[in-house]
$ cat target_13.csv   # CSV, C-alpha atoms
chain,number,residue,atom,x,y,z
A,570,MET,CA,-2.7,-8.4,-26.6
A,571,GLY,CA,-5.7,-6.2,-25.8
A,572,LYS,CA,-7.3,-5.0,-22.6
A,573,ALA,CA,-10.5,-6.0,-20.8
A,574,LEU,CA,-12.5,-3.2,-19.2
A,575,MET,CA,-13.6,-4.2,-15.7
A,576,GLY,CA,-15.2,-0.9,-14.4
A,577,PRO,CA,-14.0,0.8,-11.2
A,578,GLN,CA,-12.1,-1.8,-9.1
A,579,THR,CA,-9.9,-1.7,-6.0
A,580,LEU,CA,-7.2,-3.5,-7.9
A,581,VAL,CA,-3.7,-2.8,-6.7
A,582,TYR,CA,-0.9,-5.4,-6.4
A,583,PRO,CA,0.4,-6.0,-3.9
A,584,MET,CA,-1.4,-4.9,-0.8
A,585,PRO,CA,-0.1,-5.2,2.8
A,586,ALA,CA,-1.9,-7.0,5.6
A,587,MET,CA,-1.6,-4.6,8.5
A,588,LEU,CA,-3.0,-5.2,11.9
A,589,VAL,CA,-4.3,-1.9,13.0
A,590,GLY,CA,-4.7,-1.5,16.7
A,591,ALA,CA,-6.6,0.9,19.0
A,592,ASN,CA,-7.8,0.9,22.6
A,593,VAL,CA,-11.6,0.8,22.4
A,594,ASP,CA,-13.2,1.7,25.7
A,595,GLY,CA,-9.8,1.1,27.3
A,596,LYS,CA,-9.3,-2.4,25.8
A,597,PRO,CA,-6.9,-3.2,23.0
A,598,ASN,CA,-8.5,-4.2,19.7
A,599,PHE,CA,-7.0,-5.1,16.3
A,600,MET,CA,-8.3,-5.3,12.8
A,601,VAL,CA,-6.8,-6.2,9.4
A,602,VAL,CA,-6.3,-3.4,7.0
A,603,ALA,CA,-5.1,-4.0,3.4
A,604,TRP,CA,-6.1,-0.6,2.2
A,605,GLY,CA,-3.5,1.9,3.2
A,606,GLY,CA,0.2,2.9,2.8
A,607,ILE,CA,2.7,5.6,3.5
A,608,ALA,CA,1.2,9.0,3.0
A,609,ASN,CA,4.1,11.4,3.7
A,610,GLY,CA,7.9,11.3,4.0
A,611,GLU,CA,9.0,14.1,6.4
A,612,PRO,CA,7.5,13.6,8.9
A,613,PRO,CA,6.6,10.0,8.2
A,614,MET,CA,2.8,9.5,8.0
A,615,ILE,CA,0.6,6.5,7.1
A,616,SER,CA,-3.0,6.2,5.8
A,617,VAL,CA,-5.4,3.4,6.6
A,618,ALA,CA,-8.9,3.1,5.2
A,619,ILE,CA,-11.5,1.8,7.6
A,620,ARG,CA,-15.3,1.4,7.3
A,621,HIS,CA,-17.0,4.0,9.4
A,622,GLN,CA,-18.9,1.5,11.6
A,623,ARG,CA,-15.8,-0.6,12.6
A,624,HIS,CA,-15.1,-1.1,16.3
A,625,THR,CA,-11.4,-0.2,15.9
A,626,LEU,CA,-12.3,3.2,14.4
A,627,LYS,CA,-14.4,3.9,17.5
A,628,GLY,CA,-11.2,3.5,19.5
A,629,ILE,CA,-9.1,5.6,17.1
A,630,ARG,CA,-11.6,8.4,17.5
A,631,GLN,CA,-11.6,8.0,21.3
A,632,ASN,CA,-7.8,8.3,21.7
A,633,MET,CA,-6.7,9.9,18.4
A,634,THR,CA,-3.9,7.3,18.3
A,635,PHE,CA,-3.5,3.9,16.6
A,636,SER,CA,-0.9,1.3,15.8
A,637,VAL,CA,0.1,-0.5,12.7
A,638,ASN,CA,1.6,-3.9,13.3
A,639,ILE,CA,3.2,-5.9,10.4
A,640,PRO,CA,2.5,-9.6,10.9
A,641,SER,CA,4.9,-12.3,9.6
A,642,VAL,CA,3.7,-15.3,7.7
A,643,ASP,CA,3.7,-17.3,10.9
A,644,LEU,CA,0.8,-15.1,12.1
A,645,VAL,CA,-1.5,-15.7,9.1
A,646,LYS,CA,-4.2,-17.4,11.1
A,647,GLU,CA,-4.3,-14.7,13.7
A,648,THR,CA,-4.2,-12.0,11.1
A,649,ASP,CA,-7.1,-13.5,9.2
A,650,TYR,CA,-9.1,-14.0,12.4
A,651,CYS,CA,-8.7,-10.3,13.1
A,652,GLY,CA,-10.3,-9.6,9.7
A,653,ILE,CA,-13.2,-12.1,10.3
A,654,VAL,CA,-14.4,-11.3,13.8
A,655,SER,CA,-15.5,-7.9,15.3
A,656,GLY,CA,-13.9,-6.7,18.5
A,657,SER,CA,-17.4,-5.8,19.7
A,658,LYS,CA,-18.1,-9.6,19.9
A,659,ALA,CA,-14.7,-11.1,21.0
A,660,ASN,CA,-11.5,-10.2,22.8
A,661,LYS,CA,-9.3,-10.7,19.7
A,662,ALA,CA,-6.0,-10.0,21.5
A,663,GLU,CA,-6.8,-12.8,24.0
A,664,VAL,CA,-8.0,-15.3,21.4
A,665,CYS,CA,-4.8,-14.7,19.3
A,666,HIS,CA,-2.6,-14.8,22.4
A,667,PHE,CA,-1.1,-11.4,21.4
A,668,LYS,CA,1.3,-10.0,23.9
A,669,VAL,CA,0.1,-6.4,23.9
A,670,PHE,CA,2.5,-3.6,25.0
A,671,TYR,CA,2.4,0.2,24.9
A,672,GLY,CA,5.1,2.6,23.8
A,673,LYS,CA,5.6,6.3,23.6
A,674,MET,CA,1.9,7.2,22.9
A,675,GLY,CA,0.8,5.3,26.0
A,676,ASN,CA,-2.6,4.2,24.5
A,677,ALA,CA,-1.8,2.7,21.0
A,678,PRO,CA,-1.7,-1.1,21.6
A,679,LEU,CA,1.3,-2.9,20.0
A,680,ILE,CA,1.7,-6.6,19.3
A,681,GLU,CA,4.9,-8.1,20.6
A,682,GLN,CA,4.8,-11.0,18.1
A,683,CYS,CA,4.6,-8.7,15.1
A,684,PRO,CA,8.1,-7.9,13.9
A,685,VAL,CA,7.4,-4.2,13.1
A,686,ASN,CA,5.1,-1.9,15.1
A,687,LEU,CA,4.3,1.7,14.3
A,688,GLU,CA,2.8,4.1,16.8
A,689,CYS,CA,0.7,6.7,15.2
A,690,LYS,CA,-1.0,10.0,16.2
A,691,VAL,CA,-4.1,10.9,14.1
A,692,ILE,CA,-3.6,14.0,11.9
A,693,HIS,CA,-6.6,13.8,9.7
A,694,ILE,CA,-9.7,11.6,9.3
A,695,LEU,CA,-11.1,12.1,5.8
A,696,ASP,CA,-14.7,10.9,5.3
A,697,LEU,CA,-14.4,9.5,1.7
A,698,ASP,CA,-17.7,7.6,1.4
A,699,SER,CA,-17.9,4.0,2.6
A,700,HIS,CA,-14.6,4.5,4.4
A,701,SER,CA,-12.8,6.9,6.7
A,702,LEU,CA,-9.2,7.5,5.6
A,703,VAL,CA,-7.3,7.9,8.8
A,704,ILE,CA,-3.9,9.6,8.4
A,705,GLY,CA,-1.5,9.3,11.2
A,706,ARG,CA,1.9,10.7,12.0
A,707,ILE,CA,4.3,7.8,12.8
A,708,GLU,CA,5.7,8.8,16.2
A,709,GLU,CA,7.8,5.7,16.9
A,710,THR,CA,8.9,2.5,15.2
A,711,HIS,CA,9.5,-0.7,17.1
A,712,VAL,CA,11.3,-3.6,15.4
A,713,SER,CA,11.9,-7.0,16.9
A,714,LYS,CA,15.7,-7.3,17.6
A,715,SER,CA,15.6,-10.9,16.1
A,716,CYS,CA,14.6,-9.3,12.7
A,717,LEU,CA,17.5,-6.9,12.5
A,718,THR,CA,20.7,-7.5,10.4
A,719,ASN,CA,23.5,-5.1,11.1
A,720,GLY,CA,21.0,-2.9,13.0
A,721,LYS,CA,18.6,-2.7,10.0
A,722,PRO,CA,15.2,-4.2,9.7
A,723,ASP,CA,15.6,-7.2,7.4
A,724,VAL,CA,12.7,-8.3,5.2
A,725,ALA,CA,14.1,-11.8,5.0
A,726,LYS,CA,13.6,-12.2,8.8
A,727,ILE,CA,10.4,-10.1,9.0
A,728,LYS,CA,8.7,-12.4,6.4
A,729,PRO,CA,5.7,-10.1,5.8
A,730,LEU,CA,2.4,-11.2,4.5
A,731,THR,CA,1.0,-9.6,1.3
A,732,TYR,CA,-2.7,-9.6,0.5
A,733,VAL,CA,-4.0,-10.3,-3.0
A,734,THR,CA,-7.7,-10.1,-4.0
A,735,SER,CA,-7.8,-11.5,-7.5
A,736,PRO,CA,-8.2,-14.2,-8.7
A,737,ALA,CA,-9.0,-15.1,-5.0
A,738,ALA,CA,-8.5,-13.4,-1.6
A,739,ARG,CA,-5.3,-14.9,-0.4
A,740,TYR,CA,-2.2,-14.1,1.6
A,741,HIS,CA,1.2,-14.5,-0.2
A,742,ALA,CA,4.7,-14.5,1.0
A,743,LEU,CA,7.2,-12.1,-0.5
A,744,GLY,CA,9.3,-13.7,-3.3
A,745,GLU,CA,12.8,-13.4,-4.6
A,746,VAL,CA,14.7,-10.2,-5.2
A,747,ILE,CA,14.2,-9.0,-8.8
A,748,ALA,CA,16.6,-6.0,-8.8
A,749,LYS,CA,18.1,-3.2,-6.8
A,750,ALA,CA,16.1,0.0,-6.8
A,751,PHE,CA,17.7,3.3,-8.0
A,752,SER,CA,20.1,1.0,-9.9
A,753,ALA,CA,18.4,-1.4,-12.3
A,754,GLY,CA,17.0,1.5,-14.4
A,755,LYS,CA,20.4,3.3,-14.8
A,756,GLU,CA,21.2,1.4,-18.0
A,757,LEU,CA,18.2,3.2,-19.7
A,758,ALA,CA,19.3,6.6,-18.4
B,1168,MET,CA,12.9,-11.3,22.2
B,1169,GLY,CA,12.8,-7.5,22.7
B,1170,LYS,CA,12.3,-4.6,20.5
B,1171,ALA,CA,14.6,-1.9,19.1
B,1172,LEU,CA,13.3,1.6,18.9
B,1173,MET,CA,14.1,3.3,15.5
B,1174,GLY,CA,12.2,6.6,15.7
B,1175,PRO,CA,9.6,7.6,13.1
B,1176,GLN,CA,10.2,5.5,10.0
B,1177,THR,CA,8.2,4.9,6.8
B,1178,LEU,CA,8.4,1.2,7.4
B,1179,VAL,CA,5.6,-0.8,5.9
B,1180,TYR,CA,6.0,-4.2,4.2
B,1181,PRO,CA,5.2,-4.7,1.4
B,1182,MET,CA,4.8,-1.6,-0.7
B,1183,PRO,CA,3.6,-1.6,-4.3
B,1184,ALA,CA,5.7,-0.2,-7.2
B,1185,MET,CA,3.1,1.8,-9.1
B,1186,LEU,CA,3.7,3.7,-12.3
B,1187,VAL,CA,1.7,6.9,-11.8
B,1188,GLY,CA,0.9,8.7,-15.1
B,1189,ALA,CA,-0.3,12.2,-16.0
B,1190,ASN,CA,-0.2,14.4,-19.1
B,1191,VAL,CA,2.2,17.3,-18.3
B,1192,ASP,CA,1.8,20.2,-20.8
B,1193,GLY,CA,0.0,17.7,-23.0
B,1194,LYS,CA,2.7,15.0,-23.0
B,1195,PRO,CA,2.5,11.7,-21.1
B,1196,ASN,CA,4.8,11.3,-18.1
B,1197,PHE,CA,5.2,8.5,-15.5
B,1198,MET,CA,6.8,8.3,-12.1
B,1199,VAL,CA,7.2,5.4,-9.6
B,1200,VAL,CA,5.1,5.7,-6.4
B,1201,ALA,CA,5.5,3.2,-3.6
B,1202,TRP,CA,3.6,5.3,-1.1
B,1203,GLY,CA,-0.1,4.8,-1.6
B,1204,GLY,CA,-2.9,2.3,-1.6
B,1205,ILE,CA,-6.6,1.9,-1.8
B,1206,ALA,CA,-8.4,4.7,0.1
B,1207,ASN,CA,-12.1,3.8,-0.2
B,1208,GLY,CA,-14.3,0.9,-1.2
B,1209,GLU,CA,-17.5,2.3,-2.6
B,1210,PRO,CA,-16.8,4.0,-4.9
B,1211,PRO,CA,-13.2,2.7,-5.4
B,1212,MET,CA,-10.6,5.3,-4.6
B,1213,ILE,CA,-6.8,5.3,-4.4
B,1214,SER,CA,-4.2,7.5,-2.7
B,1215,VAL,CA,-0.7,8.3,-4.0
B,1216,ALA,CA,1.8,10.4,-2.1
B,1217,ILE,CA,3.9,12.6,-4.4
B,1218,ARG,CA,6.5,15.2,-3.5
B,1219,HIS,CA,5.2,18.7,-4.3
B,1220,GLN,CA,7.8,19.6,-6.8
B,1221,ARG,CA,7.4,16.5,-9.0
B,1222,HIS,CA,6.8,16.9,-12.7
B,1223,THR,CA,4.0,14.3,-12.7
B,1224,LEU,CA,2.1,16.3,-9.9
B,1225,LYS,CA,2.2,19.3,-12.2
B,1226,GLY,CA,0.3,17.3,-14.8
B,1227,ILE,CA,-2.1,15.9,-12.2
B,1228,ARG,CA,-3.0,19.5,-11.2
B,1229,GLN,CA,-3.4,20.5,-14.8
B,1230,ASN,CA,-5.9,17.8,-15.7
B,1231,MET,CA,-7.2,16.6,-12.3
B,1232,THR,CA,-6.8,13.1,-13.7
B,1233,PHE,CA,-4.0,10.5,-13.4
B,1234,SER,CA,-3.4,6.8,-14.0
B,1235,VAL,CA,-2.0,4.0,-11.9
B,1236,ASN,CA,-0.2,1.3,-13.8
B,1237,ILE,CA,0.9,-1.9,-12.2
B,1238,PRO,CA,4.2,-3.1,-13.8
B,1239,SER,CA,5.1,-6.8,-13.9
B,1240,VAL,CA,8.6,-8.1,-13.0
B,1241,ASP,CA,9.5,-8.0,-16.7
B,1242,LEU,CA,9.3,-4.2,-16.5
B,1243,VAL,CA,11.7,-3.7,-13.5
B,1244,LYS,CA,14.3,-1.7,-15.5
B,1245,GLU,CA,11.7,0.6,-16.9
B,1246,THR,CA,10.0,1.0,-13.6
B,1247,ASP,CA,13.2,1.9,-11.8
B,1248,TYR,CA,14.2,4.3,-14.6
B,1249,CYS,CA,10.9,6.1,-14.1
B,1250,GLY,CA,11.9,6.6,-10.4
B,1251,ILE,CA,15.4,7.8,-11.2
B,1252,VAL,CA,14.9,10.4,-14.0
B,1253,SER,CA,12.6,13.4,-14.0
B,1254,GLY,CA,10.1,14.0,-16.8
B,1255,SER,CA,11.3,17.5,-17.0
B,1256,LYS,CA,14.6,16.2,-18.4
B,1257,ALA,CA,13.6,13.2,-20.5
B,1258,ASN,CA,10.7,11.7,-22.4
B,1259,LYS,CA,10.4,8.7,-20.2
B,1260,ALA,CA,7.6,7.0,-22.2
B,1261,GLU,CA,9.8,7.1,-25.3
B,1262,VAL,CA,12.9,5.9,-23.5
B,1263,CYS,CA,11.0,3.0,-22.0
B,1264,HIS,CA,9.2,2.2,-25.3
B,1265,PHE,CA,5.8,2.4,-23.5
B,1266,LYS,CA,2.9,2.1,-25.7
B,1267,VAL,CA,0.7,4.8,-24.3
B,1268,PHE,CA,-3.1,4.7,-24.7
B,1269,TYR,CA,-6.0,6.7,-23.3
B,1270,GLY,CA,-9.3,5.4,-22.0
B,1271,LYS,CA,-12.5,6.9,-20.6
B,1272,MET,CA,-10.9,10.0,-19.0
B,1273,GLY,CA,-9.3,11.0,-22.3
B,1274,ASN,CA,-6.2,12.5,-20.7
B,1275,ALA,CA,-4.9,10.0,-18.2
B,1276,PRO,CA,-2.1,8.2,-20.0
B,1277,LEU,CA,-2.0,4.4,-19.6
B,1278,ILE,CA,0.8,1.9,-20.4
B,1279,GLU,CA,-0.2,-1.0,-22.6
B,1280,GLN,CA,2.6,-3.2,-21.3
B,1281,CYS,CA,1.5,-2.9,-17.7
B,1282,PRO,CA,-1.0,-5.7,-17.0
B,1283,VAL,CA,-3.3,-3.5,-14.8
B,1284,ASN,CA,-4.2,0.2,-15.4
B,1285,LEU,CA,-6.5,2.3,-13.3
B,1286,GLU,CA,-7.9,5.6,-14.6
B,1287,CYS,CA,-8.4,8.1,-11.8
B,1288,LYS,CA,-10.2,11.4,-11.3
B,1289,VAL,CA,-8.8,13.6,-8.5
B,1290,ILE,CA,-11.1,14.0,-5.6
B,1291,HIS,CA,-8.8,15.6,-3.0
B,1292,ILE,CA,-5.2,16.8,-2.9
B,1293,LEU,CA,-4.1,16.9,0.8
B,1294,ASP,CA,-1.0,18.9,1.5
B,1295,LEU,CA,0.6,16.8,4.3
B,1296,ASP,CA,4.1,18.4,4.5
B,1297,SER,CA,6.8,17.0,2.2
B,1298,HIS,CA,4.2,15.3,0.0
B,1299,SER,CA,0.8,15.9,-1.5
B,1300,LEU,CA,-1.5,13.0,-0.9
B,1301,VAL,CA,-3.5,12.8,-4.1
B,1302,ILE,CA,-6.8,10.9,-3.7
B,1303,GLY,CA,-8.5,9.7,-6.9
B,1304,ARG,CA,-11.7,8.0,-7.7
B,1305,ILE,CA,-11.0,5.0,-9.9
B,1306,GLU,CA,-13.2,5.5,-13.0
B,1307,GLU,CA,-12.1,2.5,-15.1
B,1308,THR,CA,-9.9,-0.6,-14.7
B,1309,HIS,CA,-8.1,-2.1,-17.7
B,1310,VAL,CA,-6.5,-5.5,-17.5
B,1311,SER,CA,-4.5,-7.2,-20.1
B,1312,LYS,CA,-6.5,-10.1,-21.5
B,1313,SER,CA,-3.4,-12.3,-21.4
B,1314,CYS,CA,-3.5,-11.9,-17.6
B,1315,LEU,CA,-7.0,-13.1,-17.0
B,1316,THR,CA,-8.0,-16.6,-15.9
B,1317,ASN,CA,-11.7,-17.4,-16.3
B,1318,GLY,CA,-12.3,-13.7,-16.8
B,1319,LYS,CA,-10.6,-12.7,-13.5
B,1320,PRO,CA,-7.3,-10.8,-13.1
B,1321,ASP,CA,-4.8,-13.5,-12.1
B,1322,VAL,CA,-1.8,-12.5,-10.0
B,1323,ALA,CA,0.2,-15.5,-11.2
B,1324,LYS,CA,0.0,-13.9,-14.7
B,1325,ILE,CA,0.3,-10.3,-13.6
B,1326,LYS,CA,3.5,-11.0,-11.7
B,1327,PRO,CA,3.6,-7.6,-9.9
B,1328,LEU,CA,6.7,-6.0,-8.4
B,1329,THR,CA,6.8,-5.2,-4.7
B,1330,TYR,CA,9.1,-2.5,-3.3
B,1331,VAL,CA,11.0,-3.1,-0.1
B,1332,THR,CA,13.2,-0.4,1.6
B,1333,SER,CA,15.0,-2.3,4.4
B,1334,PRO,CA,17.6,-3.7,4.6
B,1335,ALA,CA,18.1,-2.3,1.1
B,1336,ALA,CA,15.9,-0.6,-1.6
B,1337,ARG,CA,14.9,-3.6,-3.8
B,1338,TYR,CA,12.1,-4.9,-5.9
B,1339,HIS,CA,10.8,-8.4,-5.0
B,1340,ALA,CA,8.5,-10.7,-6.8
B,1341,LEU,CA,5.4,-12.0,-5.0
B,1342,GLY,CA,6.0,-15.4,-3.4
B,1343,GLU,CA,3.9,-18.5,-2.7
B,1344,VAL,CA,0.4,-18.6,-1.4
B,1345,ILE,CA,0.4,-18.8,2.4
B,1346,ALA,CA,-3.4,-19.2,3.1
B,1347,LYS,CA,-6.8,-18.3,1.9
B,1348,ALA,CA,-8.2,-15.1,3.4
B,1349,PHE,CA,-11.5,-15.1,5.3
B,1350,SER,CA,-10.8,-18.8,5.9
B,1351,ALA,CA,-7.5,-19.5,7.6
B,1352,GLY,CA,-8.6,-17.6,10.7
B,1353,LYS,CA,-11.9,-19.5,11.1
B,1354,GLU,CA,-10.3,-22.2,13.3
B,1355,LEU,CA,-9.7,-19.5,16.0
B,1356,ALA,CA,-13.2,-18.2,15.8

$ encode --input "target_13.csv" --output "structure tokens"
Amino acid sequence: MGKALMGPQTLVYPMPAMLVGANVDGKPNFMVVAWGGIANGEPPMISVAIRHQRHTLKGIRQNMTFSVNIPSVDLVKETDYCGIVSGSKANKAEVCHFKVFYGKMGNAPLIEQCPVNLECKVIHILDLDSHSLVIGRIEETHVSKSCLTNGKPDVAKIKPLTYVTSPAARYHALGEVIAKAFSAGKELA
Amino acid sequence: MGKALMGPQTLVYPMPAMLVGANVDGKPNFMVVAWGGIANGEPPMISVAIRHQRHTLKGIRQNMTFSVNIPSVDLVKETDYCGIVSGSKANKAEVCHFKVFYGKMGNAPLIEQCPVNLECKVIHILDLDSHSLVIGRIEETHVSKSCLTNGKPDVAKIKPLTYVTSPAARYHALGEVIAKAFSAGKELA
């Protein structure tokens, strides 16, 4: 088969397409972040990598809180828009008709239309080089009642977007179930 | 519609299913990590969250290098197995028939059968609470030649696994393309 060497690349499959929110100068703003993921189990924490000069990062530093909103495939245009335009130039929440609400933290803006919303409190901001890696403790989780099945968040109703960079920058839907976890590997054990 | 409050949850969609590798006492070992993602752009860095007591973490601390291997759907049993069994009790590479090779770093074990392999050098290990967040600089990227299209890694050939926790812990395939990124949102701009 053989391997091709491609040098250092940010090549992970799949990536999420998270709408990260913060109040900047008191106004809700949202950006797309594909670079991040869960960072700790107990207590739950999440990391998001954000370029230092981003408008949303200014708001995160002001309040030391942020939100992570998981968009469904129905919100692909709005999600992509939030990755194209800076909040310093447009009121993205208004353009996207986001219904913004606040939860436990009081100042981390959440998007009603996104099926999953995490409220986060900043624990660390690590200056890595081009990006700040913001690590937040997840303080509350909001899930749209319409996306629950027997009280559990149901991925089939959430319909999350995934972000893929190669061969082209595109959003994909999630596909079919391949196997149960903590089960499929048992036959090798 | 309305929201249900679920308390602090590690609820992100989608998550990757990465096979993280390290030499432990000189022998290659691999574990599954769903908690992690890209952490920096220039230079490329990645974060992986690992429970302190894990065998693989011991190897990462010994060498200050690790690998991230992206399995395809064909490797779902092997991937799941690496998440069930500890390397302190079994030679997982042998059980899974992984063809292990080494690249630029010399001591970060890579899996030939995985279409994408990242060689990483540890930059930070952040003790977050239950987990260590290991941040590595990506030093080299290996991609199976059979998964390239016009010289670019092609997700349709890579066929990565995604990991979903709710309503059940399951691996999914990637689904259809929903939209082009940096394009679909332009009509709102």

$ atom_distance --input "target_13.csv" --atom1 "CA of Asp1247 in chain B" --atom2 "CA of Ile1345 in chain B"
28.2 Å

$ residues_near_point --input "target_13.csv" --point "(21.4, 4.2, -18.8)" --cutoff "12 Å" --atoms "only C-alpha atoms" --output "MDAnalysis selection string"
(chainID A and resid 751:758) or (chainID B and resid 1244:1245 1247:1249 1251:1252 1259 1262:1263)

$ residues_around --input "target_13.csv" --residues "Asn1230 in chain B" --least-positions-apart "6" --cutoff "9 Å" --atoms "all atoms listed in the file" --output "ChimeraX atom specification"
/B:1189-1191,1274-1275,1288-1289

$ residues_around --input "target_13.csv" --residues "Val685 in chain A" --least-positions-apart "4" --cutoff "6 Å" --atoms "only C-alpha atoms" --output "list in words"
Asn638, Ile639, His711 and Val712 of chain A

$ atom_distance --input "target_13.csv" --atom1 "CA of Tyr671 in chain A" --atom2 "CA of Arg706 in chain A"
16.6 Å

$ atom_distance --input "target_13.csv" --atom1 "CA of Ala603 in chain A" --atom2 "CA of Val1344 in chain B"
16.3 Å

$ residues_around --input "target_13.csv" --residues "Ala738 in chain A" --least-positions-apart "4" --cutoff "10 Å" --atoms "all atoms listed in the file" --output "list in words"
Tyr732, Val733 and Thr734 of chain A; Ala1346, Lys1347, Ala1348, Phe1349 and Ser1350 of chain B

$ closest_residue --input "target_13.csv" --among "B:Leu1186, B:Ile1205, B:Ala1335, B:Met1173" --to "Ile1278 in chain B" --atoms "all atoms listed in the file"
B:Leu1186

$ closest_residue --input "target_13.csv" --among "A:Lys668, A:Lys572, A:Lys627, A:His621" --to "chain B" --atoms "only C-alpha atoms"
A:Lys572

$ residues_near_point --input "target_13.csv" --point "(4.5, 4.2, 22.4)" --cutoff "10 Å" --atoms "only C-alpha atoms" --output "PyMOL selection string"
(chain A and resi 634-636+670-679+686-689+708-711) or (chain B and resi 1172)

$ closest_residue --input "target_13.csv" --among "A:Cys683, A:Val589, A:Ile629, A:Leu580" --to "Leu644 in chain A" --atoms "all atoms listed in the file"
A:Cys683

$ closest_residue --input "target_13.csv" --among "A:Glu663, A:Ala725, A:Val637, A:Pro612" --to "Leu1295 in chain B" --atoms "only C-alpha atoms"
A:Pro612

$ residues_around --input "target_13.csv" --residues "Ile727 in chain A" --least-positions-apart "5" --cutoff "7 Å" --atoms "only C-alpha atoms" --output "list of chain:residue names"
A:Ser641, A:Pro684, A:Cys716
